[in-house]
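*Asks:* File name model_37.cif; file contents mmCIF, C-alpha atoms; full text below.
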data_run
loop_
_atom_site.group_PDB
_atom_site.id
_atom_site.type_symbol
_atom_site.label_atom_id
_atom_site.label_comp_id
_atom_site.auth_asym_id
_atom_site.auth_seq_id
_atom_site.Cartn_x
_atom_site.Cartn_y
_atom_site.Cartn_z
ATOM 1 C CA MET N 1 0.000 0.000 0.000
ATOM 2 C CA PRO N 2 1.287 3.482 -0.796
ATOM 3 C CA ILE N 3 0.147 4.743 2.605
ATOM 4 C CA ASP N 4 2.700 2.424 4.243
ATOM 5 C CA PHE N 5 5.492 4.416 2.621
ATOM 6 C CA LEU N 6 4.189 7.776 3.866
ATOM 7 C CA PRO N 7 6.825 8.077 6.645
ATOM 8 C CA VAL N 8 9.587 7.400 4.115
ATOM 9 C CA PHE N 9 8.211 9.992 1.703
ATOM 10 C CA LEU N 10 7.872 12.516 4.531
ATOM 11 C CA MET N 11 11.475 11.901 5.605
ATOM 12 C CA VAL N 12 12.722 12.336 2.039
ATOM 13 C CA ALA N 13 10.711 15.566 1.698
ATOM 14 C CA VAL N 14 12.084 16.900 4.994
ATOM 15 C CA VAL N 15 15.665 16.060 3.976
ATOM 16 C CA ILE N 16 15.275 17.728 0.571
ATOM 17 C CA ALA N 17 13.634 20.821 2.071
ATOM 18 C CA LEU N 18 16.240 21.128 4.827
ATOM 19 C CA SER N 19 19.168 20.738 2.448
ATOM 20 C CA ALA N 20 17.677 23.306 0.034
ATOM 21 C CA PHE N 21 17.130 25.697 2.943
ATOM 22 C CA ILE N 22 20.692 25.293 4.239
ATOM 23 C CA LEU N 23 22.230 25.741 0.782
ATOM 24 C CA THR N 24 20.111 28.816 0.081
ATOM 25 C CA LEU N 25 20.870 30.354 3.464
ATOM 26 C CA SER N 26 24.602 29.780 3.108
ATOM 27 C CA ARG N 27 24.545 31.321 -0.373
ATOM 28 C CA LEU N 28 22.839 34.426 1.002
ATOM 29 C CA ILE N 29 25.120 35.008 3.985
ATOM 30 C CA ARG N 30 28.538 33.966 2.642
ATOM 31 C CA PRO N 31 31.022 36.563 1.403
ATOM 32 C CA HIS N 32 31.469 36.616 -2.350
ATOM 33 C CA ASN N 33 34.951 37.823 -3.221
ATOM 34 C CA PRO N 34 36.657 35.604 -5.800
ATOM 35 C CA TYR N 35 40.194 36.514 -6.830
ATOM 36 C CA PRO N 36 42.780 34.698 -8.981
ATOM 37 C CA GLU N 37 44.789 33.221 -6.090
ATOM 38 C CA LYS N 38 41.634 31.813 -4.500
ATOM 39 C CA ASN N 39 40.522 30.196 -7.772
ATOM 40 C CA ARG N 40 43.851 28.411 -8.382
ATOM 41 C CA PRO N 41 43.758 24.605 -8.405
ATOM 42 C CA TYR N 42 45.188 22.986 -5.276
ATOM 43 C CA GLU N 43 45.738 19.240 -5.090
ATOM 44 C CA CYS N 44 46.969 17.106 -2.196
ATOM 45 C CA GLY N 45 49.038 19.820 -0.560
ATOM 46 C CA VAL N 46 51.107 20.424 -3.678
ATOM 47 C CA ASP N 47 51.017 23.774 -5.454
ATOM 48 C CA HIS N 48 49.968 23.620 -9.085
ATOM 49 C CA VAL N 49 52.980 23.714 -11.423
ATOM 50 C CA GLY N 50 52.501 23.400 -15.165
ATOM 51 C CA GLU N 51 49.851 21.311 -16.850
ATOM 52 C CA ALA N 52 48.213 18.195 -15.403
ATOM 53 C CA SER N 53 49.408 16.183 -18.387
ATOM 54 C CA ALA N 54 53.038 16.898 -17.446
ATOM 55 C CA GLY N 55 52.893 14.220 -14.765
ATOM 56 C CA MET N 56 52.882 16.361 -11.601
ATOM 57 C CA PHE N 57 50.035 14.365 -10.131
ATOM 58 C CA LYS N 58 50.370 12.649 -6.747
ATOM 59 C CA VAL N 59 48.950 9.136 -7.124
ATOM 60 C CA GLN N 60 49.987 8.002 -3.625
ATOM 61 C CA TYR N 61 47.242 10.052 -2.023
ATOM 62 C CA PHE N 62 44.557 8.274 -4.039
ATOM 63 C CA VAL N 63 46.047 4.813 -3.449
ATOM 64 C CA ILE N 64 46.007 5.415 0.316
ATOM 65 C CA ALA N 65 42.413 6.694 0.047
ATOM 66 C CA ILE N 66 41.294 3.605 -1.881
ATOM 67 C CA LEU N 67 42.982 1.311 0.649
ATOM 68 C CA PHE N 68 41.219 3.196 3.440
ATOM 69 C CA VAL N 69 37.861 2.660 1.741
ATOM 70 C CA VAL N 70 38.567 -1.069 1.317
ATOM 71 C CA PHE N 71 39.397 -1.546 4.994
ATOM 72 C CA ASP N 72 36.523 0.694 6.029
ATOM 73 C CA VAL N 73 34.136 -1.557 4.102
ATOM 74 C CA GLU N 74 35.731 -4.546 5.834
ATOM 75 C CA THR N 75 34.905 -2.986 9.196
ATOM 76 C CA MET N 76 31.367 -2.374 8.005
ATOM 77 C CA PHE N 77 31.013 -6.123 7.362
ATOM 78 C CA LEU N 78 32.645 -7.130 10.645
ATOM 79 C CA PHE N 79 30.134 -5.471 12.981
ATOM 80 C CA PRO N 80 26.968 -7.222 11.734
ATOM 81 C CA TRP N 81 28.899 -10.488 11.570
ATOM 82 C CA ALA N 82 29.971 -10.113 15.202
ATOM 83 C CA VAL N 83 26.362 -9.545 16.266
ATOM 84 C CA VAL N 84 25.098 -12.803 14.727
ATOM 85 C CA LEU N 85 28.210 -14.925 15.295
ATOM 86 C CA LYS N 86 26.515 -17.249 17.817
ATOM 87 C CA ASP N 87 23.618 -17.911 15.441
ATOM 88 C CA MET N 88 25.891 -18.700 12.479
ATOM 89 C CA GLY N 89 28.129 -21.167 14.287
ATOM 90 C CA LEU N 90 31.328 -22.587 12.872
ATOM 91 C CA PHE N 91 30.363 -21.894 9.244
ATOM 92 C CA GLY N 92 30.085 -18.155 9.900
ATOM 93 C CA TYR N 93 33.365 -18.124 11.792
ATOM 94 C CA VAL N 94 35.235 -19.898 8.988
ATOM 95 C CA GLU N 95 33.617 -17.710 6.352
ATOM 96 C CA MET N 96 34.702 -14.501 8.074
ATOM 97 C CA PHE N 97 38.153 -15.940 8.715
ATOM 98 C CA VAL N 98 38.566 -16.544 4.968
ATOM 99 C CA PHE N 99 37.313 -12.998 4.262
ATOM 100 C CA ILE N 100 39.845 -11.463 6.658
ATOM 101 C CA VAL N 101 42.678 -13.616 5.307
ATOM 102 C CA LEU N 102 41.894 -12.475 1.746
ATOM 103 C CA LEU N 103 41.930 -8.851 2.858
ATOM 104 C CA LEU N 104 45.236 -9.352 4.663
ATOM 105 C CA VAL N 105 46.701 -10.920 1.521
ATOM 106 C CA GLY N 106 45.614 -7.832 -0.436
ATOM 107 C CA PHE N 107 47.099 -5.571 2.239
ATOM 108 C CA ALA N 108 50.398 -7.501 2.165
ATOM 109 C CA TYR N 109 50.451 -7.254 -1.644
ATOM 110 C CA ALA N 110 49.943 -3.479 -1.497
ATOM 111 C CA TRP N 111 52.650 -3.188 1.148
ATOM 112 C CA ILE N 112 55.149 -5.309 -0.808
ATOM 113 C CA LYS N 113 54.478 -3.347 -4.015
ATOM 114 C CA GLY N 114 55.199 -0.097 -2.126
ATOM 115 C CA ALA N 115 51.705 1.358 -2.397
ATOM 116 C CA LEU N 116 51.914 2.546 1.213
ATOM 117 C CA GLU N 117 55.193 4.417 0.736
ATOM 118 C CA TRP N 118 54.787 8.164 0.757
ATOM 119 C CA VAL N 119 57.413 9.626 -1.568
ATOM 120 C CA SER N 120 57.342 13.391 -1.973
#
What is this file in structure tokens?
*Replies:*
Amino acid sequence: MPIDFLPVFLMVAVVIALSAFILTLSRLIRPHNPYPEKNRPYECGVDHVGEASAGMFKVQYFVIAILFVVFDVETMFLFPWAVVLKDMGLFGYVEMFVFIVLLLVGFAYAWIKGALEWVS
């Protein structure tokens, strides 16, 4: 029934209205003074020098960020698993053990390949 989804629709409407209100309010009260130095590109703590195609792009920052996301997702899977561990028994324990071992193998591979080295 559509009436069952009324609370969800109301929540979505409230979120959209509140975000539109906050964005509009911030646009009205913020200072507007762009100047060339403020509009310069700034990436990963390194000042912009030359063109992006010249190779002055720090890849290490993005590799570390991707590894963080991978291990953050692992943590997201660990909490629900820990809650239902008693109900799942040995199968659930072995399954999560295999999952963690595979992630540790990926972490060791990234470490051996030097993906965690921060060279400036």
*Asks:* Please enumerate the residues selected by the PyMOL selection byres ((chain N and resi 99) around 12) when evaluated against the supplied file, formatted as number ranges by chain.
*Replies:* N: 71, 73-75, 77-78, 81, 92-98, 100-106
*Asks:* What's the separation between CA of Thr24 in chain N and CA of Pro7 in chain N, in Å to one decimal place?
*Replies:* 25.5 Å
*Asks:* Tell me, in Å to one decimal, how far CA of Val59 in chain N is from CA of Asn39 in chain N.
*Replies:* 22.7 Å
*Asks:* Just to confirm, what's the straight-line distance from CA of Phe62 in chain N to CA of Lys38 in chain N in Å (one decimal)?
*Replies:*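 Value for the CA of Phe62 in chain N-CA of Lys38 in chain N distance: 23.7 Å.
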*Asks:* Would you kindly return, as a list in words, each protein, DNA or RNA residue with an atom no farther than 12 Å from any atom of Gly114 in chain N, considering all atoms listed in the file and excluding same-chain residues fewer than 6 positions away?
*Replies:* Gln60, Val63, Ile64, Phe107 and Ala108 of chain N
*Asks:* What does the file look like for those residues with C-alpha atoms, as a compact mmCIF listing (two decimals), in the frame of the given file?
*Replies:*
# COMPACT_ATOMS: atom_id res chain seq x y z
CA GLN N 60 49.99 8.00 -3.62
CA VAL N 63 46.05 4.81 -3.45
CA ILE N 64 46.01 5.42 0.32
CA PHE N 107 47.10 -5.57 2.24
CA ALA N 108 50.40 -7.50 2.16
